[in-house]
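Just structure10.txt here, compact mmCIF, C-alpha atoms:
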# COMPACT_ATOMS: atom_id res chain seq x y z
CA MET A 18 -107.97 -131.73 127.98
CA THR A 19 -107.16 -131.73 124.28
CA ALA A 20 -105.05 -134.32 122.47
CA THR A 21 -102.44 -131.61 121.81
CA SER A 22 -102.11 -130.96 125.54
CA LEU A 23 -101.73 -134.66 126.28
CA ILE A 24 -99.07 -135.07 123.59
CA LEU A 25 -97.23 -132.03 124.93
CA ILE A 26 -97.36 -133.34 128.51
CA PHE A 27 -96.06 -136.73 127.35
CA PHE A 28 -93.27 -135.10 125.33
CA THR A 29 -92.27 -132.85 128.24
CA ALA A 30 -92.25 -135.83 130.59
CA VAL A 31 -89.96 -137.77 128.22
CA VAL A 32 -87.60 -134.77 127.97
CA ALA A 33 -87.62 -134.44 131.77
CA ALA A 34 -86.81 -138.16 132.10
CA LEU A 35 -83.86 -137.78 129.73
CA GLY A 36 -82.72 -134.71 131.66
CA LEU A 37 -82.97 -136.65 134.91
CA LEU A 38 -80.96 -139.52 133.45
CA THR A 39 -78.22 -137.08 132.41
CA ALA A 40 -78.30 -135.39 135.81
CA MET A 41 -78.07 -138.68 137.69
CA ARG A 42 -75.42 -140.22 135.42
CA PRO A 43 -73.23 -137.32 134.18
CA GLU A 44 -70.38 -139.77 133.64
CA LEU A 45 -72.30 -140.92 130.55
CA THR A 46 -71.04 -137.77 128.83
CA ARG A 47 -67.51 -139.18 128.78
CA ALA A 48 -68.50 -141.28 125.75
CA SER A 49 -69.47 -139.65 122.46
CA GLY A 50 -72.98 -141.14 122.62
CA GLY A 51 -73.42 -139.63 126.08
CA LYS A 52 -72.32 -136.25 124.77
CA ILE A 53 -75.01 -136.39 122.10
CA LEU A 54 -77.57 -137.51 124.69
CA ALA A 55 -76.63 -134.61 126.98
CA PHE A 56 -76.82 -132.11 124.14
CA LEU A 57 -80.28 -133.37 123.21
CA ALA A 58 -81.55 -133.74 126.78
CA LEU A 59 -80.19 -130.47 128.15
CA CYS A 60 -80.35 -128.16 125.18
CA VAL A 61 -82.31 -129.12 122.07
CA LEU A 62 -85.30 -130.97 123.55
CA PRO A 63 -85.90 -128.58 126.51
CA ALA A 64 -85.86 -125.67 124.06
CA LEU A 65 -88.47 -127.49 121.96
CA ALA A 66 -90.55 -128.29 125.06
CA LEU A 67 -90.44 -124.65 126.17
CA TRP A 68 -91.43 -123.42 122.73
CA ALA A 69 -94.33 -125.87 122.56
CA GLY A 70 -95.36 -125.06 126.14
CA ALA A 71 -95.32 -121.33 125.45
CA ASN A 72 -97.45 -121.84 122.34
CA GLU A 73 -99.94 -123.96 124.28
CA HIS A 74 -100.18 -121.44 127.11
CA LEU A 75 -100.59 -118.54 124.68
CA GLU A 76 -103.33 -120.45 122.89
CA ARG A 77 -105.07 -121.24 126.17
CA SER A 78 -104.83 -117.62 127.24
CA THR A 79 -107.11 -116.74 124.34
CA SER A 80 -109.88 -118.97 125.68
CA THR A 81 -113.08 -117.64 127.20
CA GLN A 82 -112.49 -119.83 130.26
CA PHE A 83 -109.11 -118.15 130.81
CA CYS A 84 -110.47 -114.61 130.48
CA LEU A 85 -113.35 -115.23 132.84
CA SER A 86 -111.25 -116.96 135.50
CA CYS A 87 -110.70 -113.66 137.30
CA HIS A 88 -113.70 -112.97 139.53
CA VAL A 89 -114.09 -109.39 138.35
CA MET A 90 -114.72 -110.60 134.80
CA SER A 91 -117.60 -112.91 135.72
CA GLU A 92 -120.16 -110.15 135.10
CA TYR A 93 -118.75 -109.69 131.61
CA GLY A 94 -119.12 -113.45 131.11
CA LYS A 95 -122.76 -113.17 132.18
CA SER A 96 -123.34 -110.49 129.54
CA LEU A 97 -122.58 -113.15 126.90
CA THR A 98 -125.59 -115.18 127.95
CA VAL A 99 -128.08 -112.46 128.79
CA ASP A 100 -131.43 -113.26 127.17
CA ASP A 101 -131.60 -110.04 125.19
CA LYS A 102 -130.33 -109.83 121.66
CA SER A 103 -129.85 -106.08 121.89
CA TYR A 104 -126.71 -106.83 123.91
CA LEU A 105 -124.02 -106.96 121.25
CA PRO A 106 -121.82 -109.61 122.95
CA ALA A 107 -124.85 -111.79 123.67
CA ALA A 108 -126.02 -111.68 120.05
CA HIS A 109 -122.55 -112.65 118.85
CA PHE A 110 -121.95 -115.35 121.45
CA GLN A 111 -125.35 -117.02 121.31
CA ASN A 112 -125.53 -117.09 117.52
CA ASN A 113 -121.98 -118.40 117.05
CA PHE A 114 -120.87 -115.21 115.30
CA VAL A 115 -117.75 -115.65 117.41
CA PRO A 116 -116.31 -119.00 118.53
CA ARG A 117 -117.70 -119.54 122.02
CA ASP A 118 -114.49 -120.94 123.41
CA HIS A 119 -112.56 -117.87 122.21
CA ALA A 120 -115.31 -115.28 122.49
CA CYS A 121 -113.43 -112.57 124.41
CA PHE A 122 -110.25 -112.76 122.40
CA THR A 123 -112.05 -112.64 119.06
CA CYS A 124 -113.33 -109.12 119.68
CA HIS A 125 -110.68 -107.80 122.06
CA THR A 126 -107.35 -108.26 120.36
CA ASP A 127 -105.81 -106.06 117.75
CA TYR A 128 -105.28 -107.96 114.57
CA THR A 129 -101.69 -106.81 114.24
CA MET A 130 -98.58 -108.98 114.25
CA PHE A 131 -97.81 -108.53 117.94
CA GLY A 132 -101.24 -107.50 119.11
CA ASP A 133 -101.85 -110.66 121.06
CA TYR A 134 -98.49 -110.38 122.87
CA LYS A 135 -99.30 -106.81 123.85
CA ALA A 136 -102.59 -108.06 125.24
CA LYS A 137 -100.71 -110.69 127.25
CA TRP A 138 -98.48 -108.02 128.74
CA ARG A 139 -101.56 -106.11 129.86
CA GLY A 140 -102.94 -109.40 131.11
CA LEU A 141 -99.93 -109.84 133.40
CA HIS A 142 -100.78 -106.46 134.91
CA HIS A 143 -104.39 -107.60 135.37
CA VAL A 144 -103.22 -110.68 137.30
CA GLU A 145 -101.09 -108.48 139.52
CA VAL A 146 -104.11 -106.28 140.25
CA GLU A 147 -106.33 -109.34 140.84
CA TYR A 148 -104.07 -110.66 143.61
CA PHE A 149 -102.16 -107.65 144.94
CA GLY A 150 -104.00 -104.53 143.83
CA LYS A 151 -107.34 -102.86 144.38
CA ILE A 152 -109.86 -104.64 142.19
CA PRO A 153 -112.23 -102.18 140.49
CA LYS A 154 -115.96 -102.76 140.26
CA PRO A 155 -116.90 -104.49 136.99
CA GLU A 156 -118.72 -101.38 135.75
CA ASP A 157 -115.60 -99.27 136.36
CA ILE A 158 -113.48 -101.34 133.98
CA HIS A 159 -112.84 -99.59 130.69
CA LEU A 160 -110.84 -100.32 127.56
CA TYR A 161 -107.33 -98.90 127.35
CA THR A 162 -108.16 -97.27 124.03
CA PRO A 163 -111.48 -96.61 122.27
CA TYR A 164 -112.81 -99.72 120.61
CA ASN A 165 -111.52 -99.89 117.07
CA ASN A 166 -114.07 -100.68 114.33
CA ARG A 167 -111.40 -102.85 112.73
CA GLU A 168 -112.30 -105.62 115.20
CA CYS A 169 -115.88 -105.58 113.85
CA LEU A 170 -114.90 -105.12 110.21
CA HIS A 171 -112.56 -108.07 110.42
CA CYS A 172 -115.68 -110.23 110.01
CA HIS A 173 -118.40 -107.86 108.83
CA LEU A 174 -116.65 -105.99 106.06
CA GLY A 175 -118.03 -107.09 102.72
CA ALA A 176 -120.89 -109.06 104.26
CA ARG A 177 -124.14 -108.30 102.45
CA LYS A 178 -126.10 -107.81 105.67
CA PHE A 179 -123.56 -105.23 106.78
CA GLU A 180 -123.06 -103.46 103.47
CA GLU A 181 -126.75 -103.26 102.55
CA ALA A 182 -128.36 -102.66 105.95
CA SER A 183 -130.71 -99.70 105.64
CA SER A 184 -129.52 -98.29 108.96
CA HIS A 185 -126.00 -98.17 107.50
CA HIS A 186 -127.23 -95.89 104.71
CA LYS A 187 -129.10 -93.31 106.82
CA ASN A 188 -126.40 -90.87 105.80
CA PRO A 189 -124.57 -91.22 102.50
CA ASP A 190 -121.15 -91.16 104.14
CA LEU A 191 -122.01 -93.19 107.26
CA LEU A 192 -120.53 -96.44 106.02
CA ALA A 193 -117.37 -94.70 104.83
CA GLN A 194 -116.94 -93.11 108.25
CA VAL A 195 -117.43 -96.45 109.96
CA LYS A 196 -114.90 -98.14 107.69
CA ALA A 197 -112.40 -95.35 108.36
CA ASN A 198 -112.98 -95.74 112.12
CA LYS A 199 -114.16 -92.13 112.29
CA LEU A 200 -117.59 -93.17 113.56
CA SER A 201 -117.73 -95.96 116.12
CA CYS A 202 -120.00 -98.93 115.50
CA MET A 203 -120.99 -98.46 119.14
CA SER A 204 -122.05 -94.83 118.81
CA ASN A 205 -125.23 -93.70 120.50
CA GLY A 206 -128.25 -94.93 118.60
CA CYS A 207 -126.26 -97.62 116.80
CA HIS A 208 -124.92 -100.78 118.46
CA ASP A 209 -124.58 -99.01 121.79
CA ILE A 210 -125.61 -101.80 124.19
CA VAL A 211 -122.44 -103.74 124.71
CA HIS A 212 -121.56 -105.47 127.99
CA ASP A 213 -123.45 -102.94 130.18
CA VAL A 214 -122.71 -105.00 133.28
CA SER A 215 -124.43 -102.51 135.59
CA THR A 216 -127.79 -103.40 134.03
CA LEU A 217 -127.52 -107.18 134.41
CA GLY A 218 -128.98 -107.34 137.93
CA ASP A 219 -132.55 -108.06 136.83
CA ALA A 220 -131.74 -109.75 133.54
CA THR A 221 -132.66 -113.28 132.59
CA PHE A 222 -130.09 -115.54 131.04
CA TRP A 223 -130.01 -118.02 128.19
CA LYS A 224 -128.63 -121.49 128.72
CA PRO A 225 -126.93 -123.11 125.73
CA ALA A 226 -127.88 -126.69 124.89
CA GLU A 227 -125.40 -129.02 126.58
CA ASN A 228 -124.19 -130.60 123.35
CA ALA A 229 -123.60 -127.16 121.80
CA GLN A 230 -120.87 -126.06 124.22
CA MET B 16 -61.45 -128.05 133.35
CA SER B 17 -61.50 -131.36 135.25
CA SER B 18 -64.11 -133.94 134.25
CA ASP B 19 -65.41 -133.87 137.84
CA ARG B 20 -66.21 -130.21 137.55
CA ILE B 21 -67.93 -130.43 134.18
CA GLU B 22 -69.94 -133.42 135.38
CA LYS B 23 -70.98 -131.48 138.43
CA ARG B 24 -72.18 -128.66 136.19
CA ILE B 25 -74.02 -131.10 133.93
CA ARG B 26 -75.70 -132.57 137.00
CA TRP B 27 -76.89 -129.13 138.13
CA SER B 28 -77.89 -128.28 134.60
CA GLY B 29 -79.97 -131.45 134.36
CA LEU B 30 -81.64 -130.79 137.70
CA LEU B 31 -82.56 -127.25 136.70
CA VAL B 32 -83.98 -128.42 133.37
CA VAL B 33 -85.97 -131.20 135.06
CA ALA B 34 -87.33 -128.82 137.72
CA GLY B 35 -88.48 -126.37 135.03
CA LEU B 36 -90.05 -129.09 132.91
CA VAL B 37 -91.88 -130.60 135.89
CA ILE B 38 -93.34 -127.17 136.64
CA GLN B 39 -94.32 -126.87 132.98
CA ILE B 40 -96.12 -130.22 133.16
CA PHE B 41 -98.08 -129.15 136.24
CA THR B 42 -99.13 -125.88 134.64
CA MET B 43 -100.50 -127.81 131.66
CA PHE B 44 -103.26 -129.24 133.83
CA TRP B 45 -104.73 -125.83 134.62
CA THR B 46 -106.15 -123.16 132.30
CA HIS B 47 -105.73 -120.11 134.50
CA PRO B 48 -103.66 -116.90 134.51
CA LEU B 49 -101.69 -118.18 137.51
CA ALA B 50 -100.65 -121.28 135.55
CA PHE B 51 -99.47 -119.03 132.74
CA MET B 52 -97.54 -116.84 135.19
CA CYS B 53 -96.01 -119.88 136.88
CA PHE B 54 -94.86 -121.20 133.49
CA ILE B 55 -93.43 -117.86 132.37
CA LEU B 56 -91.88 -116.73 135.65
CA VAL B 57 -90.71 -120.03 137.18
CA GLY B 58 -90.68 -122.88 134.64
CA CYS B 59 -89.09 -121.01 131.73
CA PRO B 60 -86.27 -119.37 133.76
CA LEU B 61 -85.35 -122.72 135.38
CA VAL B 62 -85.13 -124.52 132.04
CA ALA B 63 -83.28 -121.59 130.48
CA ALA B 64 -80.83 -121.50 133.40
CA GLY B 65 -80.19 -125.24 133.00
CA MET B 66 -79.56 -124.85 129.28
CA VAL B 67 -77.24 -121.88 129.80
CA LEU B 68 -75.30 -123.72 132.52
CA TYR B 69 -74.90 -126.72 130.22
CA LEU B 70 -73.70 -124.56 127.31
CA PHE B 71 -71.42 -122.63 129.66
CA SER B 72 -69.87 -125.87 130.88
CA LEU B 73 -69.20 -126.89 127.26
CA VAL B 74 -67.65 -123.55 126.36
CA THR B 75 -65.39 -123.40 129.42
CA HIS B 76 -64.45 -127.07 128.92
CA HIS B 77 -63.21 -126.48 125.36
CA SER B 78 -61.48 -123.21 126.14
CA THR B 79 -59.30 -124.62 128.94

Give the structure from this file in structure tokens form.
Amino acid sequence: MTATSLILIFFTAVVAALGLLTAMRPELTRASGGKILAFLALCVLPALALWAGANEHLERSTSTQFCLSCHVMSEYGKSLTVDDKSYLPAAHFQNNFVPRDHACFTCHTDYTMFGDYKAKWRGLHHVEVEYFGKIPKPEDIHLYTPYNNRECLHCHLGARKFEEASSHHKNPDLLAQVKANKLSCMSNGCHDIVHDVSTLGDATFWKPAENAQ
Amino acid sequence: MSSDRIEKRIRWSGLLVVAGLVIQIFTMFWTHPLAFMCFILVGCPLVAAGMVLYLFSLVTHHST
């Protein structure tokens, strides 16, 4: 548990204690000091605690641990550690091209102002399916919309390795098409091995060093 | 409004806020979609209801 979480828990507990004091001794509000206490304990501080709690939960919901907590996603988690660098997620995860504790979210959220909230809304639907719906097989899970190159270009655009790679200059307009999202980075013959969970049955897996996690 | 009635509302308001905050504290110990759902669907509405009841009691107190 992080220091931020502990501070938030402590703060929320203090606010709850003040709220309890006001609830148990409402006659305190007859004095002006009690009125201020009640206003703080029942309005200002709970609003602050909620805001901080919502921020903390939203931050946690971007963690790899959170994404992989649904059973159906465990195969996708395994594809991060498959011992084969041709798997795009594995190459990114194992080489720290994405932060390991936020690996899923780094590549799967639109980088727009409310993109992450939209993803949360879809996430609520996923939880509903996990507990009350028919859970699809991992290989039957698909993205809502075709993967947008923007998520790749967010990091790769301008990088020398990306801009000067010979494979990116096979055609004179290839790079322009990629940058305009007209040609997917994951097109056949390019970076087309992504999670491919149906092929993980016989795969071997890499174990990160303990102090690197 | 009588002071008894406003104090009764403040008591309920406080209990709602405390219930919501206690749920929030419990959800903080668990990184899981269910903890997130519990916070959003149970904790937040309880705290919000407590705050609204408190503000409502203030408004009705001053207007009568």

Chain A residues near chain B (9 Å cut-off, only C-alpha atoms) as JSON, numbers by chain: {"A": [18, 22, 23, 25, 26, 27, 29, 30, 32, 33, 34, 35, 36, 37, 38, 39, 40, 41, 42, 43, 44, 46, 47, 55, 56, 58, 59, 60, 61, 63, 64, 66, 67, 70, 71, 73, 74, 75, 77, 78, 80, 82, 83, 84, 86, 87, 140, 141, 144]}

Leu192 (chain A) surroundings by all atoms listed in the file, 12 Å radius, close-in-sequence under 3 positions cut, as a VMD selection string: chain A and resid 166 170 173 to 175 179 to 189 195 to 202

Just the selected residues (C-alpha atoms), exported as a PDB file, in the coordinates of the input, please.
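Ended up saving to selection03.pdb:
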ATOM      1  CA  ASN A 166    -114.070-100.680 114.330  1.00  0.00           C
ATOM      2  CA  LEU A 170    -114.900-105.120 110.210  1.00  0.00           C
ATOM      3  CA  HIS A 173    -118.400-107.860 108.830  1.00  0.00           C
ATOM      4  CA  LEU A 174    -116.650-105.990 106.060  1.00  0.00           C
ATOM      5  CA  GLY A 175    -118.030-107.090 102.720  1.00  0.00           C
ATOM      6  CA  PHE A 179    -123.560-105.230 106.780  1.00  0.00           C
ATOM      7  CA  GLU A 180    -123.060-103.460 103.470  1.00  0.00           C
ATOM      8  CA  GLU A 181    -126.750-103.260 102.550  1.00  0.00           C
ATOM      9  CA  ALA A 182    -128.360-102.660 105.950  1.00  0.00           C
ATOM     10  CA  SER A 183    -130.710 -99.700 105.640  1.00  0.00           C
ATOM     11  CA  SER A 184    -129.520 -98.290 108.960  1.00  0.00           C
ATOM     12  CA  HIS A 185    -126.000 -98.170 107.500  1.00  0.00           C
ATOM     13  CA  HIS A 186    -127.230 -95.890 104.710  1.00  0.00           C
ATOM     14  CA  LYS A 187    -129.100 -93.310 106.820  1.00  0.00           C
ATOM     15  CA  ASN A 188    -126.400 -90.870 105.800  1.00  0.00           C
ATOM     16  CA  PRO A 189    -124.570 -91.220 102.500  1.00  0.00           C
ATOM     17  CA  VAL A 195    -117.430 -96.450 109.960  1.00  0.00           C
ATOM     18  CA  LYS A 196    -114.900 -98.140 107.690  1.00  0.00           C
ATOM     19  CA  ALA A 197    -112.400 -95.350 108.360  1.00  0.00           C
ATOM     20  CA  ASN A 198    -112.980 -95.740 112.120  1.00  0.00           C
ATOM     21  CA  LYS A 199    -114.160 -92.130 112.290  1.00  0.00           C
ATOM     22  CA  LEU A 200    -117.590 -93.170 113.560  1.00  0.00           C
ATOM     23  CA  SER A 201    -117.730 -95.960 116.120  1.00  0.00           C
ATOM     24  CA  CYS A 202    -120.000 -98.930 115.500  1.00  0.00           C
TER      25      CYS A 202
END

If you take only C-alpha atoms and a cut-off of 12 Å, which residues of region 125-169 of chain A touch region 89-98 of chain A, and what are their nearest atom pairs and distances in Å to one decimal, in chain and number order, as CSV?
residue,atom,partner,partner_atom,distance
A:His143,CA,A:Val89,CA,10.3
A:Val144,CA,A:Val89,CA,11.0
A:Val146,CA,A:Val89,CA,10.6
A:Glu147,CA,A:Val89,CA,8.1
A:Tyr148,CA,A:Val89,CA,11.4
A:Lys151,CA,A:Val89,CA,11.2
A:Ile152,CA,A:Val89,CA,7.4
A:Pro153,CA,A:Val89,CA,7.7
A:Lys154,CA,A:Val89,CA,7.1
A:Pro155,CA,A:Val89,CA,5.8
A:Glu156,CA,A:Glu92,CA,8.9
A:Asp157,CA,A:Val89,CA,10.4
A:Ile158,CA,A:Val89,CA,9.2
A:His159,CA,A:Tyr93,CA,11.7

Would you mind exporting the chosen residues as a PDB file, in the coordinates of the input, restricted to C-alpha atoms?
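What follows is the written file selection_4.pdb:
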ATOM      1  CA  HIS A 143    -104.390-107.600 135.370  1.00  0.00           C
ATOM      2  CA  VAL A 144    -103.220-110.680 137.300  1.00  0.00           C
ATOM      3  CA  VAL A 146    -104.110-106.280 140.250  1.00  0.00           C
ATOM      4  CA  GLU A 147    -106.330-109.340 140.840  1.00  0.00           C
ATOM      5  CA  TYR A 148    -104.070-110.660 143.610  1.00  0.00           C
ATOM      6  CA  LYS A 151    -107.340-102.860 144.380  1.00  0.00           C
ATOM      7  CA  ILE A 152    -109.860-104.640 142.190  1.00  0.00           C
ATOM      8  CA  PRO A 153    -112.230-102.180 140.490  1.00  0.00           C
ATOM      9  CA  LYS A 154    -115.960-102.760 140.260  1.00  0.00           C
ATOM     10  CA  PRO A 155    -116.900-104.490 136.990  1.00  0.00           C
ATOM     11  CA  GLU A 156    -118.720-101.380 135.750  1.00  0.00           C
ATOM     12  CA  ASP A 157    -115.600 -99.270 136.360  1.00  0.00           C
ATOM     13  CA  ILE A 158    -113.480-101.340 133.980  1.00  0.00           C
ATOM     14  CA  HIS A 159    -112.840 -99.590 130.690  1.00  0.00           C
TER      15      HIS A 159
END

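Between CA of Cys124 (chain A) and CA of Cys169 (chain A) the interatomic distance comes to 7.3 Å.
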
Distance of CA of Arg20 (chain B) from CA of Val31 (chain A), expressed in Å to one decimal place: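 About the pair CA of Val31 (chain A) and CA of Arg20 (chain B): they are 26.6 Å apart.
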
CA of Asp101 (chain A) to CA of Ser215 (chain A), distance in Å rounded to a single decimal: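 Between CA of Asp101 (chain A) and CA of Ser215 (chain A) the gap works out to 14.7 Å.
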
Cut-off 9 Å around (-122.8, -101.1, 123.3) with all atoms listed in the file: residues as a ChimeraX atom specification: /A:103-106,202-205,207-213
